[in-house]
>>> print(open('query.pdb').read())   # PDB, C-alpha atoms, pLDDT in the B column
ATOM      1  CA  MET A  96      78.925  -8.501 130.126  1.00 76.00           C
ATOM      2  CA  ALA A  97      79.945 -11.455 127.909  1.00 81.00           C
ATOM      3  CA  GLU A  98      76.263 -12.312 127.311  1.00 84.00           C
ATOM      4  CA  ASN A  99      75.384  -8.681 126.518  1.00 81.00           C
ATOM      5  CA  PRO A 100      78.392  -7.143 124.745  1.00 83.00           C
ATOM      6  CA  SER A 101      76.497  -4.118 123.370  1.00 83.00           C
ATOM      7  CA  ALA A 102      74.737  -3.243 126.643  1.00 83.00           C
ATOM      8  CA  ASN A 103      75.472   0.045 128.365  1.00 84.00           C
ATOM      9  CA  ARG A 104      75.894   0.486 132.140  1.00 84.00           C
ATOM     10  CA  SER A 105      72.221   1.018 132.925  1.00 85.00           C
ATOM     11  CA  GLN A 106      71.212  -2.037 130.868  1.00 86.00           C
ATOM     12  CA  LEU A 107      73.815  -4.155 132.709  1.00 83.00           C
ATOM     13  CA  LYS A 108      72.512  -2.827 136.007  1.00 84.00           C
ATOM     14  CA  ASP A 109      68.972  -3.959 135.055  1.00 86.00           C
ATOM     15  CA  LYS A 110      70.252  -7.459 134.204  1.00 83.00           C
ATOM     16  CA  GLY A 111      71.939  -8.055 137.562  1.00 79.00           C
ATOM     17  CA  LYS A 112      70.643  -5.624 140.159  1.00 79.00           C
ATOM     18  CA  GLY A 113      71.996  -7.297 143.280  1.00 84.00           C
ATOM     19  CA  LEU A 114      75.336  -8.094 141.631  1.00 85.00           C
ATOM     20  CA  HIS A 115      75.663  -4.527 140.373  1.00 81.00           C
ATOM     21  CA  THR A 116      75.057  -3.117 143.857  1.00 85.00           C
ATOM     22  CA  TRP A 117      77.579  -5.518 145.457  1.00 89.00           C
ATOM     23  CA  ILE A 118      80.303  -4.751 142.862  1.00 86.00           C
ATOM     24  CA  CYS A 119      79.784  -0.983 143.142  1.00 84.00           C
ATOM     25  CA  LYS A 120      79.976  -1.177 146.920  1.00 88.00           C
ATOM     26  CA  TYR A 121      83.122  -3.383 147.174  1.00 91.00           C
ATOM     27  CA  ASP A 122      85.112  -2.771 143.971  1.00 89.00           C
ATOM     28  CA  ARG A 123      84.061   0.450 142.278  1.00 88.00           C
ATOM     29  CA  ASP A 124      87.439   0.986 140.557  1.00 90.00           C
ATOM     30  CA  TRP A 125      87.243  -2.413 138.813  1.00 88.00           C
ATOM     31  CA  TYR A 126      83.611  -1.698 137.806  1.00 85.00           C
ATOM     32  CA  ASP A 127      84.633   1.612 136.228  1.00 86.00           C
ATOM     33  CA  LYS A 128      87.475  -0.056 134.278  1.00 87.00           C
ATOM     34  CA  VAL A 129      85.535  -2.979 132.801  1.00 85.00           C
ATOM     35  CA  THR A 130      82.086  -1.540 132.095  1.00 83.00           C
ATOM     36  CA  PRO A 131      81.355   0.516 128.983  1.00 82.00           C
ATOM     37  CA  LYS A 132      81.907   4.238 129.260  1.00 80.00           C
ATOM     38  CA  ALA A 133      79.029   6.608 128.576  1.00 73.00           C
ATOM     39  CA  GLN A 134      78.698   7.334 124.892  1.00 69.00           C
ATOM     40  CA  LEU A 135      78.845  10.921 123.748  1.00 68.00           C
ATOM     41  CA  GLY A 136      75.478  12.549 123.260  1.00 68.00           C
ATOM     42  CA  LYS A 137      74.234  14.157 120.115  1.00 68.00           C
ATOM     43  CA  GLU A 138      76.155  17.071 118.732  1.00 68.00           C
ATOM     44  CA  ARG A 139      74.897  20.415 119.969  1.00 70.00           C
ATOM     45  CA  ALA A 140      72.953  22.605 117.622  1.00 71.00           C
ATOM     46  CA  GLY A 141      74.757  25.684 116.379  1.00 76.00           C
ATOM     47  CA  THR A 142      74.449  28.997 118.149  1.00 84.00           C
ATOM     48  CA  VAL A 143      71.473  31.164 117.349  1.00 84.00           C
ATOM     49  CA  ASP A 144      71.907  34.289 115.253  1.00 90.00           C
ATOM     50  CA  TRP A 145      69.627  36.475 117.382  1.00 91.00           C
ATOM     51  CA  ALA A 146      69.728  39.457 115.017  1.00 93.00           C
ATOM     52  CA  LYS A 147      68.494  37.286 112.148  1.00 94.00           C
ATOM     53  CA  ARG A 148      65.844  35.600 114.313  1.00 93.00           C
ATOM     54  CA  ASP A 149      64.748  39.015 115.602  1.00 95.00           C
ATOM     55  CA  GLU A 150      64.231  40.234 112.037  1.00 95.00           C
ATOM     56  CA  GLU A 151      62.217  37.117 111.128  1.00 94.00           C
ATOM     57  CA  CYS A 152      60.064  37.366 114.262  1.00 94.00           C
ATOM     58  CA  LEU A 153      59.432  41.070 113.677  1.00 95.00           C
ATOM     59  CA  GLY A 154      58.092  40.312 110.192  1.00 95.00           C
ATOM     60  CA  LEU A 155      55.896  37.510 111.537  1.00 95.00           C
ATOM     61  CA  ALA A 156      54.575  39.744 114.327  1.00 95.00           C
ATOM     62  CA  LYS A 157      53.585  42.431 111.798  1.00 96.00           C
ATOM     63  CA  GLU A 158      51.748  39.823 109.707  1.00 95.00           C
ATOM     64  CA  ALA A 159      49.963  38.524 112.825  1.00 95.00           C
ATOM     65  CA  VAL A 160      48.779  42.038 113.716  1.00 95.00           C
ATOM     66  CA  GLU A 161      47.264  42.399 110.228  1.00 95.00           C
ATOM     67  CA  ILE A 162      45.535  39.020 110.607  1.00 94.00           C
ATOM     68  CA  ILE A 163      44.112  40.026 114.008  1.00 94.00           C
ATOM     69  CA  LEU A 164      42.871  43.412 112.764  1.00 93.00           C
ATOM     70  CA  LYS A 165      41.339  42.023 109.558  1.00 91.00           C
ATOM     71  CA  GLY A 166      39.890  38.910 111.183  1.00 87.00           C
ATOM     72  CA  GLU A 167      36.281  37.910 110.613  1.00 88.00           C
ATOM     73  CA  GLY A 168      33.787  37.963 113.444  1.00 88.00           C
ATOM     74  CA  LYS A 169      34.110  39.595 116.841  1.00 91.00           C
ATOM     75  CA  PRO A 170      37.347  41.621 117.126  1.00 94.00           C
ATOM     76  CA  THR A 171      40.337  40.330 119.068  1.00 94.00           C
ATOM     77  CA  ARG A 172      42.506  42.705 121.075  1.00 95.00           C
ATOM     78  CA  VAL A 173      46.038  43.240 119.765  1.00 96.00           C
ATOM     79  CA  THR A 174      48.273  42.058 122.602  1.00 95.00           C
ATOM     80  CA  PRO A 175      51.631  40.273 122.635  1.00 94.00           C
ATOM     81  CA  SER A 176      49.986  37.050 123.818  1.00 92.00           C
ATOM     82  CA  ASN A 177      47.312  37.179 121.089  1.00 94.00           C
ATOM     83  CA  ILE A 178      50.011  37.821 118.491  1.00 94.00           C
ATOM     84  CA  ARG A 179      51.911  34.789 119.806  1.00 93.00           C
ATOM     85  CA  LYS A 180      48.739  32.658 119.724  1.00 93.00           C
ATOM     86  CA  THR A 181      47.987  33.774 116.165  1.00 93.00           C
ATOM     87  CA  LEU A 182      51.458  32.653 115.118  1.00 92.00           C
ATOM     88  CA  GLY A 183      51.181  29.421 117.105  1.00 92.00           C
ATOM     89  CA  PHE A 184      54.445  30.073 118.942  1.00 89.00           C
ATOM     90  CA  GLY A 185      55.435  29.141 122.462  1.00 86.00           C
ATOM     91  CA  SER A 186      56.703  31.455 125.157  1.00 84.00           C
ATOM     92  CA  TRP A 187      60.147  31.680 123.476  1.00 85.00           C
ATOM     93  CA  PHE A 188      58.624  34.429 121.316  1.00 87.00           C
ATOM     94  CA  HIS A 189      58.875  36.771 124.343  1.00 86.00           C
ATOM     95  CA  ASN A 190      62.664  36.313 124.548  1.00 89.00           C
ATOM     96  CA  LYS A 191      64.480  39.504 125.573  1.00 91.00           C
ATOM     97  CA  LYS A 192      67.111  38.879 122.906  1.00 93.00           C
ATOM     98  CA  LEU A 193      64.479  39.631 120.248  1.00 93.00           C
ATOM     99  CA  ILE A 194      64.961  43.339 120.886  1.00 94.00           C
ATOM    100  CA  ARG A 195      63.218  44.901 117.877  1.00 95.00           C
ATOM    101  CA  THR A 196      60.348  42.413 118.078  1.00 94.00           C
ATOM    102  CA  GLN A 197      59.767  43.199 121.758  1.00 94.00           C
ATOM    103  CA  GLN A 198      59.856  46.940 121.049  1.00 95.00           C
ATOM    104  CA  TYR A 199      57.289  46.463 118.283  1.00 96.00           C
ATOM    105  CA  LEU A 200      55.041  44.348 120.513  1.00 94.00           C
ATOM    106  CA  GLU A 201      55.155  47.015 123.219  1.00 94.00           C
ATOM    107  CA  LYS A 202      54.406  49.790 120.695  1.00 95.00           C
ATOM    108  CA  ILE A 203      51.567  47.972 118.888  1.00 94.00           C
ATOM    109  CA  LYS A 204      49.804  46.721 122.039  1.00 95.00           C
ATOM    110  CA  GLU A 205      46.207  47.948 121.932  1.00 94.00           C
ATOM    111  CA  GLU A 206      44.989  49.875 124.956  1.00 94.00           C
ATOM    112  CA  ILE A 207      41.735  48.617 126.459  1.00 92.00           C
ATOM    113  CA  ASP A 208      39.745  51.758 125.575  1.00 90.00           C
ATOM    114  CA  ASP A 209      40.928  51.678 121.957  1.00 92.00           C
ATOM    115  CA  PHE A 210      39.907  48.035 121.757  1.00 93.00           C
ATOM    116  CA  ARG A 211      36.513  48.775 123.281  1.00 92.00           C
ATOM    117  CA  VAL A 212      35.878  51.502 120.688  1.00 91.00           C
ATOM    118  CA  ARG A 213      36.881  49.155 117.853  1.00 92.00           C
ATOM    119  CA  LYS A 214      34.641  46.406 119.236  1.00 93.00           C
ATOM    120  CA  ILE A 215      31.689  48.779 119.688  1.00 92.00           C
ATOM    121  CA  LYS A 216      32.050  50.072 116.116  1.00 91.00           C
ATOM    122  CA  TRP A 217      32.170  46.476 114.875  1.00 92.00           C
ATOM    123  CA  ALA A 218      28.989  45.665 116.830  1.00 92.00           C
ATOM    124  CA  ILE A 219      27.178  48.721 115.431  1.00 91.00           C
ATOM    125  CA  ASN A 220      28.204  47.846 111.864  1.00 90.00           C
ATOM    126  CA  GLU A 221      27.038  44.256 112.318  1.00 92.00           C
ATOM    127  CA  MET A 222      23.742  45.334 113.832  1.00 92.00           C
ATOM    128  CA  VAL A 223      23.084  47.844 111.029  1.00 91.00           C
ATOM    129  CA  ARG A 224      23.985  45.224 108.426  1.00 91.00           C
ATOM    130  CA  ASN A 225      21.591  42.703 110.011  1.00 93.00           C
ATOM    131  CA  GLU A 226      18.921  45.417 110.440  1.00 92.00           C
ATOM    132  CA  TYR A 227      18.741  45.121 114.226  1.00 92.00           C
ATOM    133  CA  THR A 228      17.378  47.938 116.380  1.00 90.00           C
ATOM    134  CA  LEU A 229      20.198  50.079 117.748  1.00 89.00           C
ATOM    135  CA  THR A 230      19.998  50.917 121.430  1.00 89.00           C
ATOM    136  CA  PRO A 231      22.991  51.408 123.720  1.00 89.00           C
ATOM    137  CA  TYR A 232      21.978  48.366 125.765  1.00 90.00           C
ATOM    138  CA  LYS A 233      21.609  46.103 122.719  1.00 91.00           C
ATOM    139  CA  VAL A 234      24.932  47.292 121.283  1.00 91.00           C
ATOM    140  CA  GLN A 235      26.583  46.600 124.628  1.00 91.00           C
ATOM    141  CA  LEU A 236      25.218  43.050 124.710  1.00 92.00           C
ATOM    142  CA  TYR A 237      26.003  42.383 121.032  1.00 92.00           C
ATOM    143  CA  ALA A 238      29.601  43.506 121.547  1.00 91.00           C
ATOM    144  CA  GLY A 239      29.879  41.116 124.488  1.00 90.00           C
ATOM    145  CA  PHE A 240      30.367  43.565 127.343  1.00 89.00           C
ATOM    146  CA  GLY A 241      27.394  42.481 129.434  1.00 83.00           C
ATOM    147  CA  GLY A 242      24.692  44.873 130.477  1.00 77.00           C
ATOM    148  CA  SER A 243      26.090  46.451 133.636  1.00 82.00           C
ATOM    149  CA  ASN A 244      29.392  48.052 132.551  1.00 84.00           C
ATOM    150  CA  ARG A 245      28.796  51.815 132.815  1.00 87.00           C
ATOM    151  CA  GLU A 246      32.141  52.824 131.249  1.00 88.00           C
ATOM    152  CA  VAL A 247      31.275  50.882 128.132  1.00 90.00           C
ATOM    153  CA  ARG A 248      27.756  52.353 128.084  1.00 90.00           C
ATOM    154  CA  LYS A 249      29.253  55.888 128.051  1.00 89.00           C
ATOM    155  CA  LEU A 250      31.556  54.925 125.166  1.00 89.00           C
ATOM    156  CA  ILE A 251      28.616  53.505 123.213  1.00 89.00           C
ATOM    157  CA  LEU A 252      26.582  56.667 123.741  1.00 89.00           C
ATOM    158  CA  LYS A 253      29.518  58.809 122.540  1.00 88.00           C
ATOM    159  CA  ILE A 254      29.965  56.691 119.427  1.00 88.00           C
ATOM    160  CA  LEU A 255      26.258  56.406 118.617  1.00 85.00           C
ATOM    161  CA  TYR A 256      25.282  60.022 119.149  1.00 83.00           C
ATOM    162  CA  ASN A 257      28.433  62.001 118.347  1.00 76.00           C
ATOM    163  CA  PRO A 258      28.599  62.993 114.655  1.00 57.00           C
ATOM    164  CA  ASP A 259      32.422  63.115 114.766  1.00 64.00           C
ATOM    165  CA  ASN A 260      32.645  59.393 115.587  1.00 56.00           C
ATOM    166  CA  HIS A 261      30.610  58.082 112.659  1.00 51.00           C
ATOM    167  CA  ILE A 262      31.761  54.806 111.217  1.00 49.00           C
TER
END
>>> encode(input="query.pdb", output="structure tokens")
Amino acid sequence: MAENPSANRSQLKDKGKGLHTWICKYDRDWYDKVTPKAQLGKERAGTVDWAKRDEECLGLAKEAVEIILKGEGKPTRVTPSNIRKTLGFGSWFHNKKLIRTQQYLEKIKEEIDDFRVRKIKWAINEMVRNEYTLTPYKVQLYAGFGGSNREVRKLILKILYNPDNHI
């Protein structure tokens, strides 16, 4: 300890492993008196104002939804995880203490059929813009659904051939 006055307990232990073990085994009280006490850690961060954080996260979630819906290229489904990814946040964003944000995420979550319709309409618009031939099969492939999904094929036929669903 005289050779290393600023060393803490673990550093002293590394310097004299066998000695440290012997002293701890045979005279633990003396060891506790003469070796440096553990220094206090860093001061804890203040408590979180969850109402304020909830309000901030709600605003960010609304902005992320707009970004997802207005995004270029193939549409992305509006889901809580995609909103979180858009914002670049970790899993803390799904904290239950963010009450209004969680309610918004649950309300805004896009159902799979609604997303499929939006994606099909996007594919049709892109194909018309690029002057591609429109067939249900080609629309299905362009939208990225593969060629064997019959549910999607029915949706495409409804959208293509129903005058009420024009884009």
>>> atom_distance(input="query.pdb", atom1="atom CA of Tyr256 of chain A", atom2="atom CA of Gly241 of chain A")
20.4 Å
>>> resolve_selection(input="query.pdb", expression="the PyMOL selection byres ((chain A and resi 247) around 9)", output="list in words")
Asp208, Arg211, Val212, Ile215, Gln235, Phe240, Ser243, Asn244, Arg245, Glu246, Arg248, Lys249, Leu250, Ile251 and Leu252 of chain A
>>> closest_residue(input="query.pdb", among="A:Lys214, A:Leu236, A:Trp145, A:Ile207", to="Asn190 of chain A", atoms="only C-alpha atoms")
A:Trp145
>>> atom_distance(input="query.pdb", atom1="atom CA of Ala133 of chain A", atom2="atom CA of His115 of chain A")
16.6 Å
>>> residues_near_point(input="query.pdb", point="(50.5, 33.3, 117.2)", cutoff="12 Å", atoms="only C-alpha atoms", output="ChimeraX atom specification")
/A:152,155-163,173-189
